[in-house]
>>> print(open('structure_37.txt').read())   # compact mmCIF, C-alpha atoms
# COMPACT_ATOMS: atom_id res chain seq x y z
CA MET K 1 7.46 30.30 3.76
CA LYS K 2 3.95 29.28 4.83
CA GLN K 3 1.35 29.01 2.11
CA THR K 4 -2.02 30.67 2.75
CA SER K 5 -3.66 31.00 -0.67
CA LYS K 6 -4.68 28.58 -3.41
CA PRO K 7 -7.27 26.40 -1.62
CA ILE K 8 -6.99 22.62 -1.95
CA VAL K 9 -9.34 19.64 -1.78
CA PHE K 10 -7.71 16.43 -0.52
CA PHE K 11 -8.86 13.08 -1.93
CA GLY K 12 -8.03 9.69 -0.40
CA ASN K 13 -7.20 7.89 2.82
CA GLU K 14 -3.39 7.59 2.40
CA ARG K 15 -3.58 3.79 2.84
CA LEU K 16 -1.30 2.90 -0.05
CA ALA K 17 -1.84 -0.85 0.37
CA THR K 18 -4.70 -2.94 1.74
CA GLY K 19 -4.41 -3.46 5.48
CA ALA K 20 -1.66 -0.87 5.90
CA ILE K 21 -1.93 1.82 8.54
CA THR K 22 -0.99 5.46 8.09
CA THR K 23 -0.57 8.70 9.99
CA ALA K 24 -1.84 10.64 6.95
CA PRO K 25 1.50 12.43 6.54
CA THR K 26 0.67 14.13 3.24
CA LEU K 27 -2.53 15.70 4.50
CA THR K 28 -0.87 16.65 7.78
CA ARG K 29 2.11 18.27 6.06
CA LEU K 30 -0.14 20.30 3.77
CA ILE K 31 -1.96 21.69 6.78
CA GLU K 32 1.29 22.33 8.67
CA GLU K 33 2.68 24.24 5.69
CA GLY K 34 -0.30 26.54 5.73
CA TYR K 35 -2.20 25.29 2.68
CA SER K 36 -5.92 25.92 2.91
CA VAL K 37 -7.50 22.44 2.79
CA LYS K 38 -11.18 23.14 2.17
CA ALA K 39 -12.42 19.54 2.34
CA ILE K 40 -11.26 15.94 2.62
CA VAL K 41 -12.96 13.43 0.32
CA ALA K 42 -12.61 9.71 1.06
CA SER K 43 -14.30 6.64 -0.34
CA ASN K 44 -16.83 4.98 1.96
CA ASP K 45 -16.60 1.68 0.08
CA PHE K 46 -14.28 -0.17 2.46
CA SER K 47 -13.43 -3.85 2.61
CA ALA K 48 -14.35 -5.81 5.71
CA SER K 49 -10.83 -5.46 7.06
CA ARG K 50 -11.00 -1.67 6.80
CA LYS K 51 -14.38 -1.38 8.53
CA GLN K 52 -12.75 -2.41 11.79
CA ARG K 53 -10.80 0.83 12.18
CA SER K 54 -11.58 4.47 11.60
CA LEU K 55 -10.07 6.48 8.80
CA GLU K 56 -6.91 8.27 9.83
CA VAL K 57 -7.78 11.20 7.57
CA ALA K 58 -11.07 11.50 9.47
CA GLU K 59 -9.12 12.08 12.67
CA VAL K 60 -7.10 14.82 10.94
CA ALA K 61 -10.32 16.35 9.62
CA GLN K 62 -11.85 16.45 13.09
CA LYS K 63 -8.69 17.87 14.68
CA HIS K 64 -8.49 20.74 12.19
CA ASN K 65 -12.25 21.28 11.71
CA ILE K 66 -12.11 20.38 8.00
CA PRO K 67 -15.27 18.99 6.34
CA LEU K 68 -15.05 15.24 5.61
CA LEU K 69 -17.05 14.03 2.61
CA LEU K 70 -17.78 10.31 2.13
CA PRO K 71 -19.80 10.07 -1.09
CA LYS K 72 -20.85 6.80 -2.66
CA ASN K 73 -20.42 8.52 -6.01
CA LEU K 74 -18.27 11.61 -6.53
CA LYS K 75 -20.78 13.13 -8.93
CA GLU K 76 -23.25 13.53 -6.08
CA ILE K 77 -20.95 16.11 -4.46
CA SER K 78 -19.84 17.88 -7.65
CA GLU K 79 -21.75 21.08 -6.86
CA GLU K 80 -20.40 21.08 -3.32
CA LEU K 81 -16.86 20.77 -4.70
CA ARG K 82 -17.41 23.61 -7.16
CA ALA K 83 -18.65 25.84 -4.36
CA LEU K 84 -15.32 25.41 -2.53
CA LYS K 85 -13.53 27.16 -5.42
CA ALA K 86 -10.36 25.15 -4.82
CA GLU K 87 -7.48 25.63 -7.25
CA ILE K 88 -6.25 22.04 -7.12
CA GLY K 89 -7.00 18.57 -5.82
CA VAL K 90 -4.38 16.38 -4.13
CA LEU K 91 -5.03 12.64 -4.25
CA VAL K 92 -3.36 9.88 -2.23
CA ALA K 93 -5.01 6.44 -2.37
CA TYR K 94 -8.63 7.29 -3.10
CA GLY K 95 -9.29 3.76 -4.33
CA LYS K 96 -11.68 4.61 -7.16
CA MET K 97 -11.43 6.17 -10.59
CA ILE K 98 -12.08 9.92 -10.63
CA PRO K 99 -14.51 11.08 -13.36
CA GLN K 100 -13.25 13.70 -15.79
CA SER K 101 -16.10 15.97 -14.74
CA ILE K 102 -14.64 16.06 -11.21
CA ILE K 103 -11.08 16.62 -12.44
CA ASP K 104 -12.29 19.54 -14.53
CA ILE K 105 -13.62 21.34 -11.45
CA PHE K 106 -10.08 22.30 -10.45
CA PRO K 107 -8.22 24.92 -12.54
CA CYS K 108 -4.88 23.20 -11.80
CA GLY K 109 -6.34 19.69 -12.02
CA ILE K 110 -5.71 16.94 -9.48
CA VAL K 111 -2.20 15.83 -8.60
CA ASN K 112 -1.81 12.18 -7.57
CA ILE K 113 0.95 10.54 -5.54
CA HIS K 114 1.37 7.05 -6.99
CA PRO K 115 3.72 4.57 -5.21
CA SER K 116 5.68 3.30 -8.21
CA LEU K 117 7.98 4.50 -10.96
CA LEU K 118 5.33 5.01 -13.62
CA PRO K 119 4.62 3.77 -16.23
CA LEU K 120 5.68 0.64 -14.32
CA HIS K 121 3.14 -0.82 -11.91
CA ARG K 122 0.02 1.02 -12.86
CA GLY K 123 -2.97 -0.24 -10.94
CA PRO K 124 -4.06 -0.94 -7.37
CA THR K 125 -1.21 -3.05 -5.92
CA PRO K 126 2.18 -1.55 -6.84
CA ILE K 127 3.68 -1.99 -3.37
CA GLU K 128 2.76 -5.66 -3.06
CA SER K 129 3.84 -6.32 -6.66
CA VAL K 130 7.40 -5.03 -6.35
CA ILE K 131 7.86 -7.24 -3.27
CA LEU K 132 6.37 -10.31 -4.97
CA LYS K 133 8.59 -9.85 -8.02
CA GLY K 134 11.76 -9.27 -6.01
CA GLU K 135 12.47 -6.01 -7.78
CA GLN K 136 15.47 -3.91 -6.82
CA GLN K 137 13.90 -0.48 -7.19
CA THR K 138 10.63 1.30 -6.73
CA GLY K 139 9.66 4.86 -5.94
CA VAL K 140 6.94 7.48 -6.16
CA SER K 141 5.53 9.40 -9.11
CA LEU K 142 3.81 12.75 -8.80
CA MET K 143 1.28 12.66 -11.63
CA LYS K 144 -1.35 14.96 -13.09
CA LEU K 145 -4.52 12.91 -12.91
CA VAL K 146 -6.33 11.91 -16.10
CA LYS K 147 -9.33 9.67 -16.65
CA ALA K 148 -7.24 6.66 -17.74
CA MET K 149 -5.75 4.65 -14.88
CA ASP K 150 -2.37 6.01 -13.73
CA ALA K 151 -1.64 7.31 -17.23
CA GLY K 152 -1.26 11.02 -16.56
CA PRO K 153 1.89 13.05 -17.24
CA ILE K 154 4.57 13.13 -14.54
CA TYR K 155 5.72 16.20 -12.60
CA VAL K 156 8.51 14.45 -10.69
CA GLN K 157 9.68 11.00 -9.64
CA LYS K 158 11.76 9.81 -6.70
CA THR K 159 13.58 6.46 -6.72
CA LEU K 160 14.03 4.05 -3.80
CA ASN K 161 16.53 1.18 -3.87
CA LEU K 162 15.17 -1.98 -2.23
CA THR K 163 17.06 -4.36 0.04
CA GLY K 164 14.77 -7.33 -0.53
CA ALA K 165 13.74 -7.44 3.12
CA GLU K 166 11.07 -4.72 3.19
CA THR K 167 7.60 -5.49 4.49
CA LYS K 168 4.49 -3.96 3.00
CA GLN K 169 4.05 -1.58 5.93
CA GLU K 170 7.68 -0.44 5.76
CA LEU K 171 7.32 0.39 2.07
CA VAL K 172 4.06 2.24 2.71
CA ASP K 173 5.73 4.38 5.37
CA THR K 174 8.81 5.13 3.26
CA LEU K 175 6.93 5.92 0.05
CA LEU K 176 4.37 8.12 1.82
CA LYS K 177 7.20 10.18 3.29
CA MET K 178 8.93 10.42 -0.10
CA GLY K 179 5.68 11.34 -1.81
CA SER K 180 4.71 14.06 0.63
CA GLU K 181 8.16 15.63 0.40
CA ALA K 182 8.04 15.53 -3.40
CA LEU K 183 4.58 17.12 -3.40
CA LEU K 184 5.60 19.98 -1.13
CA SER K 185 8.69 20.66 -3.22
CA VAL K 186 6.79 21.14 -6.50
CA LEU K 187 3.27 22.17 -5.44
CA PRO K 188 4.07 25.93 -5.54
CA ASP K 189 5.29 25.54 -9.15
CA ILE K 190 2.22 23.52 -10.11
CA LEU K 191 -0.07 26.18 -8.67
CA THR K 192 1.73 28.93 -10.59
CA SER K 193 2.07 26.89 -13.82
CA ASN K 194 5.87 27.04 -13.58
CA ILE K 195 6.27 23.31 -14.18
CA GLU K 196 5.01 21.23 -17.10
CA PRO K 197 4.42 17.51 -16.54
CA LYS K 198 6.04 15.10 -18.99
CA PRO K 199 4.00 12.41 -20.77
CA GLN K 200 4.54 8.78 -19.80
CA ASN K 201 5.84 6.25 -22.30
CA ASP K 202 2.74 4.09 -22.59
CA SER K 203 4.62 1.39 -24.50
CA MET K 204 6.54 0.59 -21.29
CA ALA K 205 3.48 0.40 -19.06
CA THR K 206 2.88 -2.59 -16.79
CA TYR K 207 -0.29 -3.24 -14.82
CA ASP K 208 -0.88 -4.85 -11.43
CA SER K 209 -4.05 -6.70 -10.52
CA LEU K 210 -6.08 -6.73 -7.34
CA ILE K 211 -5.11 -9.27 -4.69
CA ASP K 212 -7.89 -11.39 -3.25
CA LYS K 213 -8.18 -13.35 -0.01
CA LYS K 214 -7.38 -16.64 -1.77
CA ALA K 215 -3.85 -15.42 -2.48
CA GLY K 216 -3.12 -15.73 1.23
CA TYR K 217 -3.30 -19.54 1.28
CA ILE K 218 0.27 -20.82 1.15
CA ASP K 219 1.05 -23.21 -1.71
CA TRP K 220 4.03 -25.28 -0.58
CA GLN K 221 4.64 -26.31 -4.20
CA LYS K 222 6.10 -22.84 -4.77
CA PRO K 223 9.81 -22.09 -4.22
CA ALA K 224 10.80 -20.89 -0.76
CA ILE K 225 11.98 -17.53 -2.09
CA GLN K 226 8.55 -16.82 -3.55
CA LEU K 227 6.77 -17.76 -0.33
CA GLU K 228 9.05 -15.52 1.73
CA ARG K 229 8.17 -12.63 -0.59
CA GLU K 230 4.47 -13.43 -0.24
CA ILE K 231 4.74 -13.29 3.55
CA ARG K 232 6.15 -9.75 3.31
CA ALA K 233 3.79 -8.61 0.55
CA TYR K 234 0.63 -10.08 2.10
CA ALA K 235 1.38 -8.92 5.65
CA LEU K 236 -1.64 -7.23 7.30
CA TRP K 237 -3.90 -8.47 4.47
CA PRO K 238 -4.65 -11.09 3.23
CA GLY K 239 -1.88 -12.71 5.32
CA SER K 240 -0.02 -15.93 4.52
CA ARG K 241 -2.08 -18.75 6.02
CA THR K 242 -1.47 -22.44 6.52
CA THR K 243 -2.23 -25.22 9.00
CA LEU K 244 0.29 -26.25 11.67
CA ALA K 245 -0.43 -28.74 14.45
CA GLY K 246 -4.03 -28.84 13.25
CA LYS K 247 -4.49 -25.10 13.73
CA GLU K 248 -4.85 -22.34 11.15
CA VAL K 249 -1.99 -19.89 11.50
CA THR K 250 -0.75 -16.83 9.64
CA ILE K 251 3.01 -16.79 9.16
CA THR K 252 4.12 -13.22 9.83
CA GLN K 253 7.88 -13.50 9.41
CA ALA K 254 10.14 -16.14 7.87
CA HIS K 255 13.44 -16.68 6.12
CA ILE K 256 14.68 -19.27 3.66
CA ARG K 257 17.48 -21.79 3.42
CA PRO K 258 18.41 -24.45 0.89
CA ILE K 259 17.86 -28.10 1.72
CA SER K 260 19.81 -30.94 0.21
CA GLN K 261 17.22 -33.70 0.59
CA THR K 262 15.46 -34.55 -2.65
CA ASP K 263 12.91 -36.90 -1.08
CA VAL K 264 11.24 -34.34 1.20
CA LEU K 265 7.69 -33.56 0.14
CA PRO K 266 6.61 -29.90 -0.05
CA GLY K 267 4.76 -29.01 3.14
CA ALA K 268 6.67 -31.46 5.32
CA VAL K 269 7.50 -29.99 8.75
CA ARG K 270 10.69 -30.46 10.79
CA LEU K 271 11.74 -28.95 14.10
CA VAL K 272 15.32 -27.70 13.93
CA ASN K 273 16.89 -25.91 16.91
CA LYS K 274 13.54 -24.60 18.21
CA ALA K 275 12.62 -23.45 14.71
CA ILE K 276 9.86 -24.66 12.40
CA GLU K 277 11.24 -25.71 9.01
CA ILE K 278 8.76 -26.39 6.21
CA ALA K 279 9.86 -27.93 2.94
CA THR K 280 8.88 -26.23 -0.33
CA LYS K 281 9.30 -27.04 -4.00
CA ASP K 282 12.78 -25.52 -3.85
CA GLY K 283 14.37 -25.00 -0.45
CA ALA K 284 12.82 -24.62 2.97
CA LEU K 285 10.95 -21.86 4.77
CA ILE K 286 12.02 -21.23 8.35
CA VAL K 287 9.16 -19.73 10.35
CA ASP K 288 10.30 -16.93 12.67
CA SER K 289 6.91 -15.75 13.94
CA LEU K 290 3.25 -16.58 13.40
CA LYS K 291 -0.24 -15.71 14.55
CA PRO K 292 -2.66 -18.53 15.38
CA ALA K 293 -6.27 -17.76 14.47
CA GLY K 294 -7.88 -15.73 17.25
CA LYS K 295 -4.63 -15.23 19.15
CA SER K 296 -1.76 -12.78 19.29
CA GLU K 297 1.39 -13.00 17.21
CA MET K 298 4.09 -15.18 18.78
CA SER K 299 7.55 -16.53 18.06
CA ALA K 300 7.98 -19.92 16.46
CA ALA K 301 9.64 -21.13 19.66
CA ALA K 302 6.57 -20.16 21.70
CA PHE K 303 4.29 -22.00 19.27
CA ILE K 304 6.49 -25.09 19.41
CA ALA K 305 6.37 -25.06 23.22
CA GLY K 306 2.59 -25.38 23.16
CA HIS K 307 2.16 -27.70 20.16
CA LYS K 308 5.32 -29.78 19.83
CA LYS K 309 3.52 -33.16 19.97
CA ASN K 310 1.23 -32.27 17.08
CA LEU K 311 3.66 -30.39 14.83
CA VAL K 312 5.42 -33.36 13.23
CA GLN K 313 3.39 -36.43 12.29
>>> encode(input="structure_37.txt", output="structure tokens")
Amino acid sequence: MKQTSKPIVFFGNERLATGAITTAPTLTRLIEEGYSVKAIVASNDFSASRKQRSLEVAEVAQKHNIPLLLPKNLKEISEELRALKAEIGVLVAYGKMIPQSIIDIFPCGIVNIHPSLLPLHRGPTPIESVILKGEQQTGVSLMKLVKAMDAGPIYVQKTLNLTGAETKQELVDTLLKMGSEALLSVLPDILTSNIEPKPQNDSMATYDSLIDKKAGYIDWQKPAIQLEREIRAYALWPGSRTTLAGKEVTITQAHIRPISQTDVLPGAVRLVNKAIEIATKDGALIVDSLKPAGKSEMSAAAFIAGHKKNLVQ
């Protein structure tokens, strides 16, 4: 049944990981289900990579004639938020801490979709972190927002088993879909106080740090398995960069294989059956595709065709 009461304010841009794209499925589903979204609040403090493209939630706002607020500081719009008389806030990737004074505006609080199985992977990079660590499971947690980072009580969690081949964008897409479905399934009970969130076990909490641009420079002293994970986790941003044939390239897809030679130095390049093989501390990374600086993504075979003379010294 379509929902028409209990007005909502939506916080965030639905970009669960830096560089990832989104169709804003949570916001879109709320509108489709008849919830009254009174305003969309997004952070205007974007990284350089995000300035190059418009906010997807802004497109949804324009399509449905919903006010879009882009405050530098949430407190500057506190009176505007109060005037909306919304029952609840829904937050998906706002990117900044929400002051308690803003949370308190909403009688039912703010519910946050966090892309991990809390209390594991609190912090800003849960999607990248599960890839980097080679974990076998992740998921989404529907949490009642509190002032402390990702520490609020949990309404519901959904688990996702990982194959070990997921890219960052694939995980973003899957977890957004899971999160929006979980939200829609319990939001009526939250609004009517028919569900009580359960406290997290803080003693089990783990925290993920921000990823900076330097992380994208490939260190061939690392094992091949770790570098392959980095390529998937750092896809879109910051990318996994190295120099091949005297040109800076971003490796966009690769796989690993063991090598038996013990005298091969990490970083050494071989051409094997139209593939680029690069030795690492443990094993070899086989480059499947790459993007030279200023050019489009291409297959390793295409890169070899244009740079074969300079690839192996």
>>> residues_around(input="structure_37.txt", residues="Asn201 (chain K)", least_positions_apart="2", cutoff="10 Å", atoms="all atoms listed in the file", output="ChimeraX atom specification")
/K:118-120,151,153,198-199,203-205
>>> residues_around(input="structure_37.txt", residues="Leu311 (chain K)", least_positions_apart="4", cutoff="10 Å", atoms="all atoms listed in the file", output="number ranges by chain")
K: 243-247, 269-271, 276, 303-304, 306-307
>>> write_last_selection(input="structure_37.txt", atoms="C-alpha atoms", output="PDB file, in the coordinates of the input")
ATOM      1  CA  THR K 243      -2.230 -25.220   9.000  1.00  0.00           C
ATOM      2  CA  LEU K 244       0.290 -26.250  11.670  1.00  0.00           C
ATOM      3  CA  ALA K 245      -0.430 -28.740  14.450  1.00  0.00           C
ATOM      4  CA  GLY K 246      -4.030 -28.840  13.250  1.00  0.00           C
ATOM      5  CA  LYS K 247      -4.490 -25.100  13.730  1.00  0.00           C
ATOM      6  CA  VAL K 269       7.500 -29.990   8.750  1.00  0.00           C
ATOM      7  CA  ARG K 270      10.690 -30.460  10.790  1.00  0.00           C
ATOM      8  CA  LEU K 271      11.740 -28.950  14.100  1.00  0.00           C
ATOM      9  CA  ILE K 276       9.860 -24.660  12.400  1.00  0.00           C
ATOM     10  CA  PHE K 303       4.290 -22.000  19.270  1.00  0.00           C
ATOM     11  CA  ILE K 304       6.490 -25.090  19.410  1.00  0.00           C
ATOM     12  CA  GLY K 306       2.590 -25.380  23.160  1.00  0.00           C
ATOM     13  CA  HIS K 307       2.160 -27.700  20.160  1.00  0.00           C
TER      14      HIS K 307
END
>>> atom_distance(input="structure_37.txt", atom1="CA of Ile103 (chain K)", atom2="CA of Glu56 (chain K)")
24.1 Å
>>> residues_near_point(input="structure_37.txt", point="(16.9, -9.5, -7.5)", cutoff="10 Å", atoms="only C-alpha atoms", output="list of chain:residue names")
K:Lys133, K:Gly134, K:Glu135, K:Gln136, K:Gln137, K:Leu162, K:Thr163, K:Gly164
>>> atom_distance(input="structure_37.txt", atom1="CA of Ala293 (chain K)", atom2="CA of Pro223 (chain K)")
25.0 Å
>>> atom_distance(input="structure_37.txt", atom1="CA of Ile154 (chain K)", atom2="CA of Ile110 (chain K)")
12.1 Å
>>> closest_residue(input="structure_37.txt", among="K:Pro71, K:Gly12, K:Gly216, K:Pro25", to="Ser180 (chain K)", atoms="only C-alpha atoms")
K:Pro25
>>> closest_residue(input="structure_37.txt", among="K:Ile278, K:Leu210, K:Ile256, K:Val172", to="Gly139 (chain K)", atoms="all atoms listed in the file")
K:Val172
>>> closest_residue(input="structure_37.txt", among="K:Glu32, K:Glu277, K:Asp288, K:Glu128", to="Tyr234 (chain K)", atoms="all atoms listed in the file")
K:Glu128
>>> closest_residue(input="structure_37.txt", among="K:Lys72, K:Arg53, K:His255, K:Lys222", to="Gly267 (chain K)", atoms="all atoms listed in the file")
K:Lys222
>>> closest_residue(input="structure_37.txt", among="K:Glu230, K:Glu76, K:Asp104, K:Asp189", to="Leu145 (chain K)", atoms="only C-alpha atoms")
K:Asp104
>>> closest_residue(input="structure_37.txt", among="K:Met97, K:Leu171, K:Val140, K:Leu285", to="Gln221 (chain K)", atoms="only C-alpha atoms")
K:Leu285
>>> residues_around(input="structure_37.txt", residues="Val60 (chain K)", least_positions_apart="4", cutoff="12 Å", atoms="only C-alpha atoms", output="MDAnalysis selection string")
chainID K and resid 10 13:14 22:32 37 39:40 54:56 64:68
>>> residues_near_point(input="structure_37.txt", point="(-7.7, 2.6, -4.8)", cutoff="12 Å", atoms="all atoms listed in the file", output="number ranges by chain")
K: 11-18, 42-47, 91-98, 112-115, 122-126, 149-150, 209-210
